[in-house]
Amino acid sequence: MSRERKKAAALHEKMQILRSITHSHALSSTSIIMDASEYIKELKQKVVRLNQEIAREEATTNSHNNKENSFPTVSVETLGHGFLVNVSSDKSCPGLLGSVLEAFEELGLTVLQATASCADTFRLEAMGGGGESQAENVDEHVVRRAVLQAMRNCGAEQDDQ
């Protein structure tokens, strides 16, 4: 077997290994590499989400140990033309979820999927997006500030009553 054939066979074998690891059904090397790239992006997003969950769990554990020093936590991650927003607070107030959703609306973001708990504590995980033109004007920091402001406004309204 010539040296070039051995290289081609080794490359083909490595592509097949990459194809199986990334669960790709592609046949061409280019498509296998593109699928692997997407798979890596998905894995990175999972790592970010898991780190956020760990941070939330640690914050929850710490807050149970020290209720006096509880501050809301807001994390925002960019996903394509949208955002993954995680909000956690040991205090909830009437209308807090509405205030946060209004903040999204004011930024031109549409909530595509959300999970919320608003009993004694407040937890929200929301995936939202806007048009491409909106994505240029809104970044993670803008979304985070808007959510924190909505939470402050709701807390101030509650204190006034």
# chains A, B, ... in the order shown; residues from 1 in each chain; ligands from 1
>>> closest_atom_pairs(of="region 4-63 of chain A", to="region 78-93 of chain A", cutoff="12 Å", atoms="only C-alpha atoms", output="JSON lines")
{"residue": "A:Lys41", "atom": "CA", "partner": "A:Leu79", "partner_atom": "CA", "distance": 10.2}
{"residue": "A:Glu42", "atom": "CA", "partner": "A:Leu79", "partner_atom": "CA", "distance": 10.4}
{"residue": "A:Lys44", "atom": "CA", "partner": "A:Leu79", "partner_atom": "CA", "distance": 11.1}
{"residue": "A:Gln45", "atom": "CA", "partner": "A:Leu79", "partner_atom": "CA", "distance": 8.4}
{"residue": "A:Lys46", "atom": "CA", "partner": "A:Leu84", "partner_atom": "CA", "distance": 11.7}
{"residue": "A:Val48", "atom": "CA", "partner": "A:Leu84", "partner_atom": "CA", "distance": 10.3}
{"residue": "A:Arg49", "atom": "CA", "partner": "A:Leu84", "partner_atom": "CA", "distance": 9.0}
{"residue": "A:Leu50", "atom": "CA", "partner": "A:Asn86", "partner_atom": "CA", "distance": 11.8}
{"residue": "A:Asn51", "atom": "CA", "partner": "A:Asn86", "partner_atom": "CA", "distance": 11.6}
{"residue": "A:Gln52", "atom": "CA", "partner": "A:Asn86", "partner_atom": "CA", "distance": 7.9}
{"residue": "A:Glu53", "atom": "CA", "partner": "A:Asn86", "partner_atom": "CA", "distance": 9.1}
{"residue": "A:Ala55", "atom": "CA", "partner": "A:Ser88", "partner_atom": "CA", "distance": 10.3}
{"residue": "A:Arg56", "atom": "CA", "partner": "A:Ser88", "partner_atom": "CA", "distance": 7.1}
{"residue": "A:Glu57", "atom": "CA", "partner": "A:Ser88", "partner_atom": "CA", "distance": 10.0}
{"residue": "A:Glu58", "atom": "CA", "partner": "A:Ser88", "partner_atom": "CA", "distance": 11.5}
{"residue": "A:Ala59", "atom": "CA", "partner": "A:Ser88", "partner_atom": "CA", "distance": 8.7}
{"residue": "A:Thr60", "atom": "CA", "partner": "A:Asp90", "partner_atom": "CA", "distance": 7.8}
{"residue": "A:Thr61", "atom": "CA", "partner": "A:Asp90", "partner_atom": "CA", "distance": 10.8}
{"residue": "A:Asn62", "atom": "CA", "partner": "A:Asp90", "partner_atom": "CA", "distance": 10.6}
{"residue": "A:Ser63", "atom": "CA", "partner": "A:Asp90", "partner_atom": "CA", "distance": 7.2}
>>> residues_around(residues="region 2-15 of chain A", least_positions_apart="6", cutoff="12 Å", atoms="only C-alpha atoms", output="mmCIF file with N, CA and C atoms, in the first residue's frame")
data_model
loop_
_atom_site.group_PDB
_atom_site.id
_atom_site.type_symbol
_atom_site.label_atom_id
_atom_site.label_comp_id
_atom_site.auth_asym_id
_atom_site.auth_seq_id
_atom_site.Cartn_x
_atom_site.Cartn_y
_atom_site.Cartn_z
ATOM 1 N N ILE A 21 -18.915 9.710 16.948
ATOM 2 C CA ILE A 21 -18.906 10.455 18.214
ATOM 3 C C ILE A 21 -19.945 11.570 18.195
ATOM 4 N N THR A 22 -20.078 12.238 17.056
ATOM 5 C CA THR A 22 -20.984 13.386 16.966
ATOM 6 C C THR A 22 -22.376 12.986 16.488
ATOM 7 N N HIS A 23 -22.622 11.685 16.328
ATOM 8 C CA HIS A 23 -23.928 11.178 15.898
ATOM 9 C C HIS A 23 -24.341 11.765 14.548
ATOM 10 N N SER A 24 -23.372 11.953 13.681
ATOM 11 C CA SER A 24 -23.628 12.517 12.359
ATOM 12 C C SER A 24 -24.072 11.409 11.400
ATOM 13 N N HIS A 25 -24.963 11.768 10.501
ATOM 14 C CA HIS A 25 -25.387 10.837 9.455
ATOM 15 C C HIS A 25 -24.821 11.254 8.098
ATOM 16 N N ALA A 26 -23.939 12.230 8.131
ATOM 17 C CA ALA A 26 -23.369 12.767 6.895
ATOM 18 C C ALA A 26 -22.412 11.757 6.264
ATOM 19 N N LEU A 27 -22.228 11.902 4.975
ATOM 20 C CA LEU A 27 -21.325 11.010 4.249
ATOM 21 C C LEU A 27 -20.038 11.701 3.836
ATOM 22 N N SER A 28 -20.120 12.974 3.485
ATOM 23 C CA SER A 28 -18.913 13.672 3.031
ATOM 24 C C SER A 28 -18.131 14.203 4.233
ATOM 25 N N SER A 29 -16.833 14.321 4.045
ATOM 26 C CA SER A 29 -15.956 14.819 5.122
ATOM 27 C C SER A 29 -16.351 16.219 5.554
ATOM 28 N N THR A 30 -16.695 17.065 4.594
ATOM 29 C CA THR A 30 -17.085 18.442 4.913
ATOM 30 C C THR A 30 -18.322 18.458 5.799
ATOM 31 N N SER A 31 -19.303 17.652 5.454
ATOM 32 C CA SER A 31 -20.540 17.595 6.246
ATOM 33 C C SER A 31 -20.286 17.027 7.634
ATOM 34 N N ILE A 32 -19.415 16.044 7.722
ATOM 35 C CA ILE A 32 -19.074 15.468 9.035
ATOM 36 C C ILE A 32 -18.428 16.539 9.915
ATOM 37 N N ILE A 33 -17.534 17.335 9.345
ATOM 38 C CA ILE A 33 -16.860 18.394 10.099
ATOM 39 C C ILE A 33 -17.864 19.469 10.512
ATOM 40 N N MET A 34 -18.795 19.825 9.633
ATOM 41 C CA MET A 34 -19.831 20.816 9.971
ATOM 42 C C MET A 34 -20.703 20.291 11.114
ATOM 43 N N ASP A 35 -21.100 19.019 11.052
ATOM 44 C CA ASP A 35 -21.896 18.416 12.125
ATOM 45 C C ASP A 35 -21.118 18.406 13.436
ATOM 46 N N ALA A 36 -19.830 18.113 13.347
ATOM 47 C CA ALA A 36 -18.998 18.110 14.554
ATOM 48 C C ALA A 36 -18.908 19.504 15.155
#
>>> atom_distance(atom1="CA of Thr115 (chain A)", atom2="CA of Tyr39 (chain A)")
24.9 Å
>>> atom_distance(atom1="CA of Gln149 (chain A)", atom2="CA of Val74 (chain A)")
11.0 Å
>>> select_by_dssp(residues="region 21-148 of chain A", states="strand (DSSP E or B)", output="number ranges by chain")
A: 73-79, 82-89, 110-117, 122-129
>>> residues_around(residues="Gly130 (chain A)", least_positions_apart="6", cutoff="12 Å", atoms="only C-alpha atoms", output="list in words")
Thr78, Leu79, Gly80, His81, Gly82, Phe83, Phe104, Glu105, Glu106, Leu107, Gly108, Leu109, Thr110, Val111, Leu112, Glu136, Asn137, Val138, Asp139 and Val143 of chain A
>>> atom_distance(atom1="CA of Leu97 (chain A)", atom2="CA of Cys118 (chain A)")
7.3 Å
>>> select_by_dssp(residues="chain A", states="alpha helix (DSSP H)", output="ChimeraX atom specification")
/A:3-21,29-65,96-106,132-137,140-160
>>> closest_residue(among="A:Leu18, A:Ser75, A:Ala116, A:Pro94", to="Arg144 (chain A)", atoms="only C-alpha atoms")
A:Ser75
>>> closest_residue(among="A:Asn153, A:Val142, A:Gln113, A:Gly95", to="Met127 (chain A)", atoms="only C-alpha atoms")
A:Gln113
>>> decode(residues="region 32-44 of chain A", atoms="all heavy atoms", output="mmCIF file, in the first residue's frame")
data_model
loop_
_atom_site.group_PDB
_atom_site.id
_atom_site.type_symbol
_atom_site.label_atom_id
_atom_site.label_comp_id
_atom_site.auth_asym_id
_atom_site.auth_seq_id
_atom_site.Cartn_x
_atom_site.Cartn_y
_atom_site.Cartn_z
ATOM 1 N N ILE A 32 -19.415 16.044 7.722
ATOM 2 C CA ILE A 32 -19.074 15.468 9.035
ATOM 3 C C ILE A 32 -18.428 16.539 9.915
ATOM 4 O O ILE A 32 -18.769 16.683 11.088
ATOM 5 C CB ILE A 32 -18.136 14.245 8.876
ATOM 6 C CG1 ILE A 32 -18.875 13.097 8.192
ATOM 7 C CG2 ILE A 32 -17.580 13.815 10.225
ATOM 8 C CD1 ILE A 32 -17.986 11.935 7.776
ATOM 9 N N ILE A 33 -17.534 17.335 9.345
ATOM 10 C CA ILE A 33 -16.860 18.394 10.099
ATOM 11 C C ILE A 33 -17.864 19.469 10.512
ATOM 12 O O ILE A 33 -17.829 19.965 11.637
ATOM 13 C CB ILE A 33 -15.690 18.981 9.291
ATOM 14 C CG1 ILE A 33 -14.578 17.926 9.175
ATOM 15 C CG2 ILE A 33 -15.160 20.256 9.940
ATOM 16 C CD1 ILE A 33 -13.468 18.282 8.223
ATOM 17 N N MET A 34 -18.795 19.825 9.633
ATOM 18 C CA MET A 34 -19.831 20.816 9.971
ATOM 19 C C MET A 34 -20.703 20.291 11.114
ATOM 20 O O MET A 34 -21.022 21.023 12.056
ATOM 21 C CB MET A 34 -20.692 21.141 8.753
ATOM 22 C CG MET A 34 -19.958 21.858 7.636
ATOM 23 S SD MET A 34 -19.337 23.471 8.140
ATOM 24 C CE MET A 34 -20.868 24.339 8.340
ATOM 25 N N ASP A 35 -21.100 19.019 11.052
ATOM 26 C CA ASP A 35 -21.896 18.416 12.125
ATOM 27 C C ASP A 35 -21.118 18.406 13.436
ATOM 28 O O ASP A 35 -21.673 18.674 14.503
ATOM 29 C CB ASP A 35 -22.322 16.989 11.764
ATOM 30 C CG ASP A 35 -23.391 16.951 10.679
ATOM 31 O OD1 ASP A 35 -23.994 18.011 10.380
ATOM 32 O OD2 ASP A 35 -23.641 15.846 10.131
ATOM 33 N N ALA A 36 -19.830 18.113 13.347
ATOM 34 C CA ALA A 36 -18.998 18.110 14.554
ATOM 35 C C ALA A 36 -18.908 19.504 15.155
ATOM 36 O O ALA A 36 -18.959 19.669 16.381
ATOM 37 C CB ALA A 36 -17.597 17.574 14.223
ATOM 38 N N SER A 37 -18.818 20.512 14.305
ATOM 39 C CA SER A 37 -18.772 21.895 14.772
ATOM 40 C C SER A 37 -20.056 22.252 15.522
ATOM 41 O O SER A 37 -20.020 22.855 16.601
ATOM 42 C CB SER A 37 -18.559 22.836 13.588
ATOM 43 O OG SER A 37 -18.627 24.171 13.996
ATOM 44 N N GLU A 38 -21.204 21.878 14.960
ATOM 45 C CA GLU A 38 -22.493 22.128 15.623
ATOM 46 C C GLU A 38 -22.567 21.374 16.949
ATOM 47 O O GLU A 38 -23.065 21.894 17.943
ATOM 48 C CB GLU A 38 -23.661 21.724 14.721
ATOM 49 C CG GLU A 38 -23.891 22.670 13.570
ATOM 50 C CD GLU A 38 -24.201 24.092 14.037
ATOM 51 O OE1 GLU A 38 -25.012 24.256 14.959
ATOM 52 O OE2 GLU A 38 -23.614 25.029 13.478
ATOM 53 N N TYR A 39 -22.086 20.154 16.957
ATOM 54 C CA TYR A 39 -22.092 19.333 18.166
ATOM 55 C C TYR A 39 -21.255 19.986 19.266
ATOM 56 O O TYR A 39 -21.660 20.043 20.428
ATOM 57 C CB TYR A 39 -21.566 17.930 17.830
ATOM 58 C CG TYR A 39 -21.599 16.944 18.971
ATOM 59 C CD1 TYR A 39 -22.813 16.438 19.432
ATOM 60 C CD2 TYR A 39 -20.426 16.495 19.556
ATOM 61 C CE1 TYR A 39 -22.851 15.520 20.463
ATOM 62 C CE2 TYR A 39 -20.459 15.583 20.590
ATOM 63 C CZ TYR A 39 -21.677 15.089 21.042
ATOM 64 O OH TYR A 39 -21.698 14.188 22.071
ATOM 65 N N ILE A 40 -20.116 20.529 18.897
ATOM 66 C CA ILE A 40 -19.249 21.216 19.860
ATOM 67 C C ILE A 40 -19.953 22.443 20.413
ATOM 68 O O ILE A 40 -19.903 22.709 21.621
ATOM 69 C CB ILE A 40 -17.888 21.571 19.215
ATOM 70 C CG1 ILE A 40 -17.080 20.302 18.970
ATOM 71 C CG2 ILE A 40 -17.116 22.560 20.084
ATOM 72 C CD1 ILE A 40 -15.864 20.493 18.093
ATOM 73 N N LYS A 41 -20.646 23.215 19.560
ATOM 74 C CA LYS A 41 -21.401 24.382 20.031
ATOM 75 C C LYS A 41 -22.463 23.961 21.045
ATOM 76 O O LYS A 41 -22.643 24.612 22.079
ATOM 77 C CB LYS A 41 -22.067 25.112 18.861
ATOM 78 C CG LYS A 41 -21.113 25.887 17.990
ATOM 79 C CD LYS A 41 -21.858 26.541 16.839
ATOM 80 C CE LYS A 41 -20.902 27.160 15.850
ATOM 81 N NZ LYS A 41 -21.597 27.703 14.675
ATOM 82 N N GLU A 42 -23.185 22.869 20.737
ATOM 83 C CA GLU A 42 -24.203 22.373 21.660
ATOM 84 C C GLU A 42 -23.585 21.978 22.995
ATOM 85 O O GLU A 42 -24.146 22.267 24.058
ATOM 86 C CB GLU A 42 -24.932 21.172 21.056
ATOM 87 C CG GLU A 42 -25.825 21.509 19.893
ATOM 88 C CD GLU A 42 -26.371 20.269 19.190
ATOM 89 O OE1 GLU A 42 -26.312 19.157 19.775
ATOM 90 O OE2 GLU A 42 -26.859 20.407 18.055
ATOM 91 N N LEU A 43 -22.447 21.307 22.951
ATOM 92 C CA LEU A 43 -21.772 20.904 24.187
ATOM 93 C C LEU A 43 -21.343 22.123 25.006
ATOM 94 O O LEU A 43 -21.479 22.128 26.234
ATOM 95 C CB LEU A 43 -20.564 20.017 23.878
ATOM 96 C CG LEU A 43 -20.876 18.621 23.358
ATOM 97 C CD1 LEU A 43 -19.587 17.894 23.007
ATOM 98 C CD2 LEU A 43 -21.679 17.821 24.370
ATOM 99 N N LYS A 44 -20.849 23.157 24.329
ATOM 100 C CA LYS A 44 -20.461 24.382 25.035
ATOM 101 C C LYS A 44 -21.661 25.014 25.722
ATOM 102 O O LYS A 44 -21.573 25.481 26.858
ATOM 103 C CB LYS A 44 -19.823 25.389 24.069
ATOM 104 C CG LYS A 44 -18.409 25.039 23.667
ATOM 105 C CD LYS A 44 -17.851 26.103 22.727
ATOM 106 C CE LYS A 44 -16.422 25.829 22.356
ATOM 107 N NZ LYS A 44 -15.868 26.864 21.486
#
